[in-house]
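Undergrad: For reference, this is data_7.cif, and it has mmCIF, C-alpha atoms.
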```cif
data_protein
#
loop_
_atom_site.label_atom_id
_atom_site.label_comp_id
_atom_site.auth_asym_id
_atom_site.auth_seq_id
_atom_site.Cartn_x
_atom_site.Cartn_y
_atom_site.Cartn_z
CA MET P 37 -35.02 -4.93 19.22
CA PRO P 38 -37.36 -7.91 19.40
CA GLY P 39 -36.62 -10.69 21.88
CA ILE P 40 -34.99 -13.86 20.72
CA GLU P 41 -37.39 -16.76 20.31
CA LYS P 42 -36.68 -20.06 22.06
CA LEU P 43 -37.63 -23.69 21.69
CA PRO P 44 -39.07 -24.82 25.09
CA ILE P 45 -36.68 -27.50 26.38
CA GLU P 46 -39.16 -28.36 29.17
CA GLU P 47 -41.60 -29.58 26.46
CA THR P 48 -39.19 -32.18 25.06
CA LEU P 49 -40.41 -34.94 27.41
CA GLU P 50 -44.03 -34.54 26.33
CA ASP P 51 -42.99 -34.09 22.65
CA SER P 52 -46.39 -32.73 21.57
CA PRO P 53 -47.39 -31.93 17.96
CA GLN P 54 -47.19 -28.20 18.88
CA THR P 55 -43.57 -28.64 19.95
CA ARG P 56 -42.81 -30.55 16.75
CA SER P 57 -44.44 -27.80 14.69
CA LEU P 58 -42.35 -25.13 16.48
CA LEU P 59 -39.26 -27.30 15.89
CA GLY P 60 -40.13 -27.24 12.19
CA VAL P 61 -40.08 -23.43 12.20
CA PHE P 62 -36.69 -23.37 13.92
CA GLU P 63 -35.31 -25.93 11.48
CA GLU P 64 -36.54 -23.84 8.55
CA ASP P 65 -34.93 -20.73 10.04
CA THR P 66 -31.68 -22.62 10.61
CA ALA P 67 -31.70 -23.86 7.02
CA ALA P 68 -32.23 -20.27 5.79
CA ILE P 69 -29.37 -18.95 7.96
CA SER P 70 -27.18 -21.82 6.85
CA ASN P 71 -27.89 -21.11 3.20
CA TYR P 72 -27.34 -17.36 3.55
CA CYS P 73 -24.12 -17.85 5.52
CA SER P 74 -22.79 -20.30 2.95
CA GLN P 75 -23.30 -17.74 0.20
CA LEU P 76 -21.60 -15.06 2.27
CA TYR P 77 -18.80 -17.49 3.12
CA GLN P 78 -18.21 -18.20 -0.58
CA ALA P 79 -18.15 -14.50 -1.46
CA MET P 80 -15.71 -13.79 1.40
CA GLN P 81 -13.56 -16.75 0.40
CA ARG P 82 -13.39 -15.24 -3.11
CA ILE P 83 -12.33 -11.87 -1.65
CA TYR P 84 -9.70 -13.61 0.47
CA ASP P 85 -8.36 -15.73 -2.41
CA ALA P 86 -8.24 -12.69 -4.73
CA GLN P 87 -6.44 -10.70 -2.06
CA ASN P 88 -3.89 -13.51 -1.63
CA GLU P 89 -3.38 -13.76 -5.38
CA LEU P 90 -3.00 -9.96 -5.62
CA SER P 91 -0.41 -10.08 -2.87
CA ALA P 92 1.51 -12.91 -4.58
CA ALA P 93 1.34 -11.31 -8.05
CA THR P 94 2.49 -7.93 -6.73
CA HIS P 95 5.37 -9.62 -4.92
CA LEU P 96 6.32 -11.47 -8.13
CA THR P 97 6.30 -8.20 -10.12
CA SER P 98 8.55 -6.55 -7.56
CA ARG P 99 10.90 -9.58 -7.60
CA LEU P 100 11.08 -9.47 -11.43
CA LEU P 101 12.04 -5.79 -11.32
CA LYS P 102 14.72 -6.49 -8.72
CA GLU P 103 16.09 -9.20 -11.02
CA TYR P 104 16.43 -6.77 -13.95
CA ASP P 105 20.11 -6.25 -13.14
CA LYS P 106 20.76 -9.97 -13.30
CA GLN P 107 19.30 -10.29 -16.82
CA ARG P 108 21.86 -10.87 -19.55
CA PHE P 109 21.08 -8.10 -22.04
CA PRO P 110 23.93 -8.01 -24.60
CA LEU P 111 23.08 -4.40 -25.48
CA GLY P 112 22.72 -1.48 -23.07
CA GLY P 113 23.07 -3.73 -20.02
CA ASP P 114 25.17 -1.09 -18.27
CA ASP P 115 22.42 1.53 -18.28
CA GLU P 116 22.55 2.73 -14.69
CA VAL P 117 19.68 5.20 -14.93
CA MET P 118 17.28 2.50 -16.15
CA SER P 119 18.59 0.09 -13.55
CA SER P 120 18.18 2.45 -10.59
CA THR P 121 14.75 3.59 -11.82
CA LEU P 122 13.56 0.00 -11.92
CA GLN P 123 15.01 -0.60 -8.45
CA GLN P 124 12.97 2.31 -7.12
CA PHE P 125 9.83 0.96 -8.77
CA ALA P 126 10.66 -2.43 -7.26
CA LYS P 127 10.96 -0.89 -3.80
CA VAL P 128 7.58 0.88 -3.94
CA ILE P 129 5.82 -2.16 -5.45
CA ASP P 130 7.41 -4.31 -2.76
CA GLU P 131 5.92 -2.03 -0.11
CA LEU P 132 2.52 -2.30 -1.80
CA SER P 133 2.93 -6.08 -1.85
CA SER P 134 3.65 -5.99 1.91
CA CYS P 135 0.45 -3.96 2.39
CA HIS P 136 -1.46 -6.60 0.43
CA ALA P 137 0.12 -9.35 2.52
CA VAL P 138 -0.87 -7.59 5.77
CA LEU P 139 -4.42 -7.23 4.41
CA SER P 140 -4.48 -10.96 3.56
CA THR P 141 -3.42 -11.90 7.08
CA GLN P 142 -5.98 -9.52 8.57
CA LEU P 143 -8.73 -10.95 6.38
CA ALA P 144 -7.73 -14.50 7.34
CA ASP P 145 -7.83 -13.73 11.08
CA ALA P 146 -10.71 -11.31 11.35
CA MET P 147 -13.01 -12.30 8.48
CA MET P 148 -12.41 -15.89 7.35
CA PHE P 149 -11.75 -17.33 10.81
CA PRO P 150 -15.07 -16.33 12.46
CA ILE P 151 -17.25 -17.19 9.45
CA SER P 152 -15.46 -20.54 8.92
CA GLN P 153 -15.87 -21.37 12.60
CA PHE P 154 -19.59 -20.62 12.43
CA LYS P 155 -20.01 -22.65 9.26
CA GLU P 156 -17.77 -25.58 10.15
CA ARG P 157 -18.49 -25.79 13.87
CA ASP P 158 -21.88 -24.34 14.81
CA LEU P 159 -23.86 -25.15 11.66
CA LYS P 160 -22.27 -28.60 11.28
CA GLU P 161 -23.01 -29.42 14.93
CA ILE P 162 -26.69 -28.73 14.33
CA LEU P 163 -26.73 -30.99 11.27
CA THR P 164 -25.09 -33.78 13.29
CA LEU P 165 -27.54 -33.33 16.17
CA LYS P 166 -30.44 -33.37 13.72
CA GLU P 167 -29.23 -36.75 12.43
CA VAL P 168 -28.67 -38.13 15.92
CA PHE P 169 -32.12 -36.94 16.96
CA GLN P 170 -33.66 -38.54 13.85
CA ILE P 171 -31.96 -41.87 14.60
CA SER P 172 -33.06 -41.88 18.24
CA SER P 173 -36.62 -40.96 17.15
CA ASP P 174 -36.65 -43.88 14.71
CA ASP P 175 -35.30 -46.21 17.42
CA HIS P 176 -38.02 -45.01 19.73
CA ASP P 177 -40.70 -45.69 17.08
CA VAL P 178 -39.31 -49.22 16.55
CA ALA P 179 -39.36 -49.93 20.30
CA ILE P 180 -42.93 -48.62 20.62
CA ASN P 181 -44.02 -50.76 17.64
CA ARG P 182 -42.45 -53.91 19.08
CA TYR P 183 -44.12 -53.22 22.42
CA SER P 184 -47.59 -52.74 20.87
CA ARG P 185 -47.29 -55.97 18.83
CA LEU P 186 -46.34 -57.83 22.04
CA SER P 187 -49.34 -56.60 23.97
CA LYS P 188 -51.70 -57.83 21.25
CA ARG P 189 -50.23 -61.32 21.09
CA ARG P 190 -50.05 -61.61 24.92
CA ASP P 191 -46.56 -63.11 24.98
CA ASN P 192 -44.58 -64.24 27.96
CA ASP P 193 -43.53 -61.88 30.75
CA LYS P 194 -39.81 -61.95 29.91
CA ALA P 195 -40.34 -60.63 26.37
CA ARG P 196 -42.78 -58.01 27.69
CA ALA P 197 -40.28 -56.84 30.32
CA GLU P 198 -37.58 -56.60 27.64
CA ALA P 199 -39.85 -54.57 25.37
CA VAL P 200 -40.75 -52.21 28.20
CA GLU P 201 -37.05 -51.80 28.99
CA ASP P 202 -36.38 -51.04 25.29
CA VAL P 203 -39.11 -48.41 25.13
CA TYR P 204 -37.74 -46.83 28.32
CA THR P 205 -34.16 -46.72 27.00
CA ALA P 206 -35.26 -45.45 23.59
CA ARG P 207 -37.46 -42.71 25.07
CA LYS P 208 -34.70 -41.65 27.47
CA LYS P 209 -32.24 -41.46 24.58
CA GLN P 210 -34.71 -39.57 22.39
CA HIS P 211 -35.47 -37.12 25.21
CA GLN P 212 -31.77 -36.47 25.75
CA THR P 213 -30.93 -35.94 22.08
CA MET P 214 -33.99 -33.74 21.65
CA MET P 215 -32.94 -31.53 24.57
CA HIS P 216 -29.47 -31.32 23.11
CA TYR P 217 -30.83 -30.48 19.64
CA PHE P 218 -33.22 -27.82 21.02
CA CYS P 219 -30.40 -26.33 23.01
CA SER P 220 -28.22 -25.99 19.88
CA LEU P 221 -31.06 -24.52 17.83
CA ASN P 222 -31.69 -21.95 20.61
CA THR P 223 -28.00 -21.08 20.82
CA LEU P 224 -27.92 -20.53 17.07
CA GLN P 225 -30.61 -17.84 17.44
CA TYR P 226 -28.24 -16.01 19.79
CA LYS P 227 -25.20 -16.59 17.61
CA LYS P 228 -26.63 -15.79 14.21
CA LYS P 229 -26.24 -12.02 14.43
CA THR P 230 -22.69 -12.19 15.70
CA ALA P 231 -21.92 -14.75 13.02
CA LEU P 232 -22.95 -12.27 10.31
CA LEU P 233 -21.55 -9.11 11.87
CA GLU P 234 -18.18 -10.37 13.12
CA PRO P 235 -16.64 -11.22 9.72
CA LEU P 236 -17.99 -7.94 8.27
CA LEU P 237 -16.38 -5.99 11.10
CA GLY P 238 -13.19 -7.96 10.45
CA TYR P 239 -13.31 -6.96 6.79
CA MET P 240 -13.79 -3.29 7.69
CA GLN P 241 -11.03 -3.40 10.29
CA ALA P 242 -8.65 -4.92 7.74
CA GLN P 243 -9.45 -2.10 5.26
CA LEU P 244 -8.83 0.55 7.91
CA ILE P 245 -5.52 -1.00 8.92
CA LEU P 246 -4.53 -1.09 5.23
CA GLU P 247 -5.53 2.58 4.93
CA LYS P 248 -3.22 3.46 7.83
CA ILE P 249 -0.30 1.43 6.47
CA ARG P 250 -0.68 2.90 2.99
CA TYR P 251 -0.84 6.38 4.45
CA TRP P 252 2.28 5.66 6.46
CA VAL P 253 4.09 4.16 3.45
CA SER P 254 3.14 7.04 1.12
CA ALA P 255 4.13 9.59 3.79
CA SER P 256 7.54 7.93 4.22
CA ASN P 257 8.06 7.94 0.43
CA ILE P 258 7.44 11.68 0.02
CA MET X 241 23.12 7.73 -20.16
CA PRO X 242 24.90 5.63 -22.80
CA GLY X 243 23.91 6.04 -26.45
CA ILE X 244 21.63 3.54 -28.11
CA GLU X 245 23.41 1.04 -30.33
CA LYS X 246 22.27 0.58 -33.92
CA LEU X 247 22.50 -2.04 -36.64
CA PRO X 248 23.99 -0.31 -39.73
CA ILE X 249 21.30 -0.45 -42.41
CA GLU X 250 23.82 0.75 -45.03
CA GLU X 251 25.74 -2.53 -44.52
CA THR X 252 22.77 -4.72 -45.49
CA LEU X 253 23.66 -4.76 -49.18
CA GLU X 254 27.19 -6.02 -48.54
CA ASP X 255 25.90 -8.45 -45.83
CA SER X 256 29.39 -9.11 -44.41
CA PRO X 257 30.19 -11.67 -41.65
CA GLN X 258 30.77 -8.68 -39.28
CA THR X 259 27.22 -7.44 -39.95
CA ARG X 260 25.86 -10.95 -39.42
CA SER X 261 27.76 -11.23 -36.14
CA LEU X 262 26.37 -7.86 -34.97
CA LEU X 263 22.89 -9.02 -36.03
CA GLY X 264 23.41 -12.07 -33.79
CA VAL X 265 24.09 -9.78 -30.81
CA PHE X 266 20.93 -7.76 -31.53
CA GLU X 267 18.89 -10.93 -31.92
CA GLU X 268 20.20 -12.22 -28.59
CA ASP X 269 19.33 -8.91 -26.92
CA THR X 270 15.86 -8.97 -28.47
CA ALA X 271 15.31 -12.53 -27.23
CA ALA X 272 16.39 -11.47 -23.70
CA ILE X 273 14.03 -8.44 -23.76
CA SER X 274 11.24 -10.60 -25.14
CA ASN X 275 11.73 -13.18 -22.40
CA TYR X 276 11.92 -10.58 -19.62
CA CYS X 277 8.87 -8.72 -20.94
CA SER X 278 6.87 -11.93 -21.16
CA GLN X 279 7.59 -12.66 -17.50
CA LEU X 280 6.62 -9.13 -16.53
CA TYR X 281 3.51 -9.38 -18.70
CA GLN X 282 2.45 -12.59 -16.93
CA ALA X 283 3.00 -11.06 -13.49
CA MET X 284 1.02 -7.96 -14.47
CA GLN X 285 -1.73 -10.09 -15.99
CA ARG X 286 -1.95 -11.91 -12.63
CA ILE X 287 -2.22 -8.56 -10.79
CA TYR X 288 -4.91 -7.44 -13.21
CA ASP X 289 -6.89 -10.70 -12.97
CA ALA X 290 -6.65 -10.70 -9.17
CA GLN X 291 -7.80 -7.08 -9.07
CA ASN X 292 -10.77 -7.93 -11.30
CA GLU X 293 -11.66 -10.92 -9.15
CA LEU X 294 -11.36 -8.80 -5.99
CA SER X 295 -13.65 -6.24 -7.53
CA ALA X 296 -16.23 -8.90 -8.53
CA ALA X 297 -16.07 -10.70 -5.15
CA THR X 298 -16.45 -7.43 -3.21
CA HIS X 299 -19.41 -6.49 -5.37
CA LEU X 300 -20.98 -9.93 -4.76
CA THR X 301 -20.53 -9.55 -0.98
CA SER X 302 -22.19 -6.15 -1.06
CA ARG X 303 -25.06 -7.54 -3.16
CA LEU X 304 -25.58 -10.44 -0.72
CA LEU X 305 -25.81 -7.98 2.19
CA LYS X 306 -28.32 -5.86 0.29
CA GLU X 307 -30.38 -9.01 -0.29
CA TYR X 308 -30.53 -9.82 3.45
CA ASP X 309 -33.96 -8.21 3.72
CA LYS X 310 -35.30 -10.42 0.94
CA GLN X 311 -34.26 -13.63 2.71
CA ARG X 312 -37.10 -15.66 4.18
CA PHE X 313 -36.05 -16.09 7.82
CA PRO X 314 -39.06 -17.52 9.72
CA LEU X 315 -37.61 -16.23 13.02
CA GLY X 316 -36.50 -12.67 13.79
CA GLY X 317 -37.01 -11.56 10.19
CA ASP X 318 -38.40 -8.23 11.37
CA ASP X 319 -35.20 -7.19 13.15
CA GLU X 320 -34.79 -3.64 11.88
CA VAL X 321 -31.54 -2.88 13.70
CA MET X 322 -29.83 -5.89 12.12
CA SER X 323 -31.31 -5.04 8.75
CA SER X 324 -30.20 -1.39 8.75
CA THR X 325 -26.74 -2.32 10.09
CA LEU X 326 -26.25 -4.75 7.20
CA GLN X 327 -27.47 -2.12 4.73
CA GLN X 328 -24.82 0.28 6.02
CA PHE X 329 -22.14 -2.40 5.68
CA ALA X 330 -23.45 -3.08 2.16
CA LYS X 331 -23.15 0.61 1.28
CA VAL X 332 -19.52 0.91 2.42
CA ILE X 333 -18.51 -2.40 0.82
CA ASP X 334 -20.21 -1.27 -2.37
CA GLU X 335 -18.08 1.88 -2.36
CA LEU X 336 -14.96 -0.24 -1.85
CA SER X 337 -16.07 -2.43 -4.73
CA SER X 338 -16.41 0.68 -6.92
CA CYS X 339 -12.87 1.68 -5.92
CA HIS X 340 -11.67 -1.77 -6.95
CA ALA X 341 -13.54 -1.48 -10.25
CA VAL X 342 -11.94 1.91 -10.96
CA LEU X 343 -8.53 0.41 -10.16
CA SER X 344 -9.25 -2.48 -12.56
CA THR X 345 -10.13 -0.08 -15.36
CA GLN X 346 -7.04 2.01 -14.65
CA LEU X 347 -4.82 -1.07 -14.69
CA ALA X 348 -6.38 -2.22 -17.96
CA ASP X 349 -5.79 1.13 -19.67
CA ALA X 350 -2.49 2.25 -18.21
CA MET X 351 -0.69 -1.03 -17.42
CA MET X 352 -2.05 -3.92 -19.49
CA PHE X 353 -2.63 -1.96 -22.69
CA PRO X 354 0.96 -0.70 -23.23
CA ILE X 355 2.63 -3.97 -22.24
CA SER X 356 0.21 -6.03 -24.37
CA GLN X 357 0.81 -3.73 -27.32
CA PHE X 358 4.56 -4.12 -26.96
CA LYS X 359 4.30 -7.89 -26.62
CA GLU X 360 1.64 -8.52 -29.27
CA ARG X 361 2.65 -5.87 -31.80
CA ASP X 362 6.34 -4.89 -31.53
CA LEU X 363 7.81 -8.21 -30.41
CA LYS X 364 5.58 -10.27 -32.70
CA GLU X 365 6.49 -8.03 -35.67
CA ILE X 366 10.18 -8.78 -35.08
CA LEU X 367 9.50 -12.52 -34.96
CA THR X 368 7.58 -12.27 -38.24
CA LEU X 369 10.33 -10.21 -39.89
CA LYS X 370 12.93 -12.71 -38.66
CA GLU X 371 11.02 -15.50 -40.41
CA VAL X 372 10.52 -13.46 -43.60
CA PHE X 373 14.23 -12.59 -43.60
CA GLN X 374 15.15 -16.26 -43.07
CA ILE X 375 12.95 -17.33 -46.00
CA SER X 376 14.38 -14.69 -48.35
CA SER X 377 17.93 -15.66 -47.27
CA ASP X 378 17.18 -19.28 -48.07
CA ASP X 379 15.69 -18.31 -51.45
CA HIS X 380 18.80 -16.27 -52.16
CA ASP X 381 21.04 -19.27 -51.31
CA VAL X 382 18.99 -21.48 -53.62
CA ALA X 383 19.27 -18.96 -56.47
CA ILE X 384 23.06 -18.61 -55.96
CA ASN X 385 23.46 -22.40 -55.91
CA ARG X 386 21.49 -22.85 -59.12
CA TYR X 387 23.57 -20.11 -60.78
CA SER X 388 26.90 -21.68 -59.74
CA ARG X 389 25.86 -25.13 -61.01
CA LEU X 390 24.90 -23.51 -64.35
CA SER X 391 28.24 -21.76 -64.80
CA LYS X 392 30.12 -25.07 -64.32
CA ARG X 393 28.09 -26.97 -66.88
CA ARG X 394 28.23 -24.07 -69.39
CA ASP X 395 24.56 -24.34 -70.36
CA ASN X 396 22.64 -22.30 -72.94
CA ASP X 397 22.26 -18.54 -72.67
CA LYS X 398 18.54 -18.58 -71.91
CA ALA X 399 18.95 -20.68 -68.73
CA ARG X 400 21.92 -18.55 -67.66
CA ALA X 401 19.93 -15.33 -68.15
CA GLU X 402 17.07 -16.80 -66.11
CA ALA X 403 19.42 -17.81 -63.31
CA VAL X 404 21.00 -14.33 -63.23
CA GLU X 405 17.52 -12.83 -63.10
CA ASP X 406 16.65 -15.17 -60.18
CA VAL X 407 19.77 -14.23 -58.25
CA TYR X 408 19.01 -10.55 -58.84
CA THR X 409 15.40 -10.88 -57.65
CA ALA X 410 16.39 -13.00 -54.63
CA ARG X 411 19.18 -10.62 -53.59
CA LYS X 412 16.86 -7.62 -53.97
CA LYS X 413 14.25 -9.32 -51.86
CA GLN X 414 16.79 -10.36 -49.24
CA HIS X 415 18.23 -6.84 -49.14
CA GLN X 416 14.77 -5.35 -48.63
CA THR X 417 13.72 -7.76 -45.87
CA MET X 418 17.09 -7.37 -44.15
CA MET X 419 16.73 -3.56 -44.11
CA HIS X 420 13.23 -3.94 -42.75
CA TYR X 421 14.41 -6.42 -40.10
CA PHE X 422 17.37 -4.21 -39.07
CA CYS X 423 15.05 -1.24 -38.87
CA SER X 424 12.70 -3.07 -36.50
CA LEU X 425 15.58 -4.33 -34.33
CA ASN X 426 16.92 -0.76 -34.07
CA THR X 427 13.49 0.61 -33.22
CA LEU X 428 13.17 -1.98 -30.47
CA GLN X 429 16.32 -0.58 -28.83
CA TYR X 430 14.57 2.78 -28.64
CA LYS X 431 11.29 1.28 -27.49
CA LYS X 432 12.51 -1.19 -24.88
CA LYS X 433 12.86 1.33 -22.03
CA THR X 434 9.47 2.90 -22.65
CA ALA X 435 8.00 -0.59 -22.94
CA LEU X 436 9.21 -1.43 -19.41
CA LEU X 437 8.59 1.93 -17.78
CA GLU X 438 5.17 2.79 -19.24
CA PRO X 439 3.17 -0.08 -17.66
CA LEU X 440 4.98 0.48 -14.33
CA LEU X 441 4.03 4.14 -14.40
CA GLY X 442 0.49 3.06 -15.26
CA TYR X 443 0.44 0.77 -12.23
CA MET X 444 1.68 3.57 -9.95
CA GLN X 445 -0.78 6.04 -11.39
CA ALA X 446 -3.65 3.60 -10.82
CA GLN X 447 -2.57 3.18 -7.17
CA LEU X 448 -2.45 6.94 -6.66
CA ILE X 449 -5.88 7.44 -8.20
CA LEU X 450 -7.19 4.68 -5.90
CA GLU X 451 -5.59 6.47 -2.93
CA LYS X 452 -7.41 9.68 -3.83
CA ILE X 453 -10.76 7.97 -4.33
CA ARG X 454 -10.46 6.04 -1.06
CA TYR X 455 -9.54 9.25 0.74
CA TRP X 456 -12.54 10.97 -0.76
CA VAL X 457 -14.86 8.04 0.08
CA SER X 458 -13.62 7.77 3.67
CA ALA X 459 -13.88 11.55 4.10
CA SER X 460 -17.46 11.54 2.82
CA ASN X 461 -18.34 8.71 5.24
CA ILE X 462 -17.15 10.51 8.35
#
```
Output the file's structure as structure tokens, nothing else.

TA:
Amino acid sequence: MPGIEKLPIEETLEDSPQTRSLLGVFEEDTAAISNYCSQLYQAMQRIYDAQNELSAATHLTSRLLKEYDKQRFPLGGDDEVMSSTLQQFAKVIDELSSCHAVLSTQLADAMMFPISQFKERDLKEILTLKEVFQISSDDHDVAINRYSRLSKRRDNDKARAEAVEDVYTARKKQHQTMMHYFCSLNTLQYKKKTALLEPLLGYMQAQLILEKIRYWVSASNI
Amino acid sequence: MPGIEKLPIEETLEDSPQTRSLLGVFEEDTAAISNYCSQLYQAMQRIYDAQNELSAATHLTSRLLKEYDKQRFPLGGDDEVMSSTLQQFAKVIDELSSCHAVLSTQLADAMMFPISQFKERDLKEILTLKEVFQISSDDHDVAINRYSRLSKRRDNDKARAEAVEDVYTARKKQHQTMMHYFCSLNTLQYKKKTALLEPLLGYMQAQLILEKIRYWVSASNI
């Protein structure tokens, strides 16, 4: 298993072109992960929604069968064989609907929760940090520009001191946000495998639990 | 098991108020069956659609996992452990998606087909016959009315002969459509139980087949 690559946080103060180029690679990788995870998230959301709908539709069918006795059929409404047969169907379909409901809950907890968290929390955090870092970089460029214009025109000491102060603040801010951003990008490299595997394990686990319940239900019906 | 009630076809020629009143009861029963079957049809259609969607979404998830290797991840793209793990997940999820597809096909053939046939063919036929019978009854009333007006005004023989001919044709037509309509209403009383039980049996059968396939798949994966 190859080692996990890291952005060097100690290089953020120098902010060399090499560091920027490495940052570019990490950003590209993050974008690729983000894109792949979004596709997987959508597919899993479809599975989850379909499972929910299946659970609801099965429950509705069972409820309709239970309500057969309450229907006003002017002819043959007192057919007890038909009525009890439909009640038995209703019972078994109700059990299947419970199985589907358990599977839905399992999928929500073990599949949708981890992948949503990764998408909504980890990936969004990186996007926010990227923006913050961009803003502080721009601010830093503005401060540097103002300072260089000052030095050419040889203005008064107060303005020069202010400009120096601005550059200092802007660079400090940029350094901080860059460290923060690098840190998040590095963490993502650690998290990305778990982020893919956890919801898949959750899906499998849900299927196995369903298998056990169905086995138990069919055994109790024999 | 109580006997199945019948509309007396031999009474259609006389068309007495008692026969009409009995027809009303049969029509009410048919409307109740039609309403109940439509609800059941909708619930089953929802199950079938959800099952199809589940099958498609599971297949999509499996396809996405298979495509993991083709993704361009600039970092850690050569991680063979991750890659082969995802391929194994893809394989199992693909098998589950095949199970879902088999279940979909089973539901289409054994559940949706019989209930659709009953709804679209048998119940629609009765609605059509009801309309045809209504039209021929109205025509008969018109012919009778014209004849009675003629007899009062004591018109010429040719008009009277025509009116008698009209009444004869209209009554013949009404008698035929009424027999046809009664026949369909009687048949529905025989069909209604099968119409409810057949799709339910189809649903159960599909679940059992799924059970067997899943057992076989999980056994072959151990």

Undergrad: Would you write out, as a ChimeraX atom specification, every residue that the PyMOL selection byres ((chain P and resi 116-118) around 12) captures in this file?

TA: /P:101-102,104-105,112-115,119-125 /X:241-242,432-437

Undergrad: Please list as a PyMOL selection string every residue within 10 Å of P:Ser152, counting all atoms listed in the file and excluding residues in the same chain fewer than 5 positions away.

TA: chain P and resi 73-74+77+81+144+147+157-159+231+235

Undergrad: When the cut-off is 8 Å and we count all atoms listed in the file, which residues of chain P are near chain X, given as a ChimeraX atom specification?

TA: /P:37-38,40-41,61-62,64-65,68-69,72,75-76,79-80,82-83,86-87,89-90,93-94,96-97,100,107-112,115-118,122,125,229,233,236

Undergrad: How about saving the chosen residues, C-alpha atoms kept, as a short mmCIF file (atom, residue, chain, number, x, y, z; two decimals), keeping the file's coordinate frame?

TA:
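This went into out.cif:
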```
data_model
loop_
_atom_site.label_atom_id
_atom_site.label_comp_id
_atom_site.auth_asym_id
_atom_site.auth_seq_id
_atom_site.Cartn_x
_atom_site.Cartn_y
_atom_site.Cartn_z
CA MET P 37 -35.02 -4.93 19.22
CA PRO P 38 -37.36 -7.91 19.40
CA ILE P 40 -34.99 -13.86 20.72
CA GLU P 41 -37.39 -16.76 20.31
CA VAL P 61 -40.08 -23.43 12.20
CA PHE P 62 -36.69 -23.37 13.92
CA GLU P 64 -36.54 -23.84 8.55
CA ASP P 65 -34.93 -20.73 10.04
CA ALA P 68 -32.23 -20.27 5.79
CA ILE P 69 -29.37 -18.95 7.96
CA TYR P 72 -27.34 -17.36 3.55
CA GLN P 75 -23.30 -17.74 0.20
CA LEU P 76 -21.60 -15.06 2.27
CA ALA P 79 -18.15 -14.50 -1.46
CA MET P 80 -15.71 -13.79 1.40
CA ARG P 82 -13.39 -15.24 -3.11
CA ILE P 83 -12.33 -11.87 -1.65
CA ALA P 86 -8.24 -12.69 -4.73
CA GLN P 87 -6.44 -10.70 -2.06
CA GLU P 89 -3.38 -13.76 -5.38
CA LEU P 90 -3.00 -9.96 -5.62
CA ALA P 93 1.34 -11.31 -8.05
CA THR P 94 2.49 -7.93 -6.73
CA LEU P 96 6.32 -11.47 -8.13
CA THR P 97 6.30 -8.20 -10.12
CA LEU P 100 11.08 -9.47 -11.43
CA GLN P 107 19.30 -10.29 -16.82
CA ARG P 108 21.86 -10.87 -19.55
CA PHE P 109 21.08 -8.10 -22.04
CA PRO P 110 23.93 -8.01 -24.60
CA LEU P 111 23.08 -4.40 -25.48
CA GLY P 112 22.72 -1.48 -23.07
CA ASP P 115 22.42 1.53 -18.28
CA GLU P 116 22.55 2.73 -14.69
CA VAL P 117 19.68 5.20 -14.93
CA MET P 118 17.28 2.50 -16.15
CA LEU P 122 13.56 0.00 -11.92
CA PHE P 125 9.83 0.96 -8.77
CA LYS P 229 -26.24 -12.02 14.43
CA LEU P 233 -21.55 -9.11 11.87
CA LEU P 236 -17.99 -7.94 8.27
#
```

Undergrad: Using all atoms listed in the file, find the one residue out of P:Arg207, P:Lys155, P:His136, P:Lys194 that sits nearest to P:Val178.

TA: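 Comparing P:Arg207, P:Lys155, P:His136, P:Lys194 against P:Val178, the winner is P:Arg207.
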
Undergrad: Do you have the atom CA of X:Ala341-atom CA of P:Pro150 distance handy?

TA: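 These atoms are spaced 27.2 Å apart.
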
Undergrad: Find the distance between atom CA of P:Thr141 and atom CA of X:Glu335 and write it in Å to one decimal.

TA: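 Separation between atom CA of P:Thr141 and atom CA of X:Glu335: 22.2 Å.
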
Undergrad: Between X:Leu347, X:Ala399, X:Ala383, X:Val407, single out the one closest to X:Ile449, counting only C-alpha atoms.

TA: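 Of X:Leu347, X:Ala399, X:Ala383, X:Val407, the one nearest X:Ile449 is X:Leu347, counting only C-alpha atoms.
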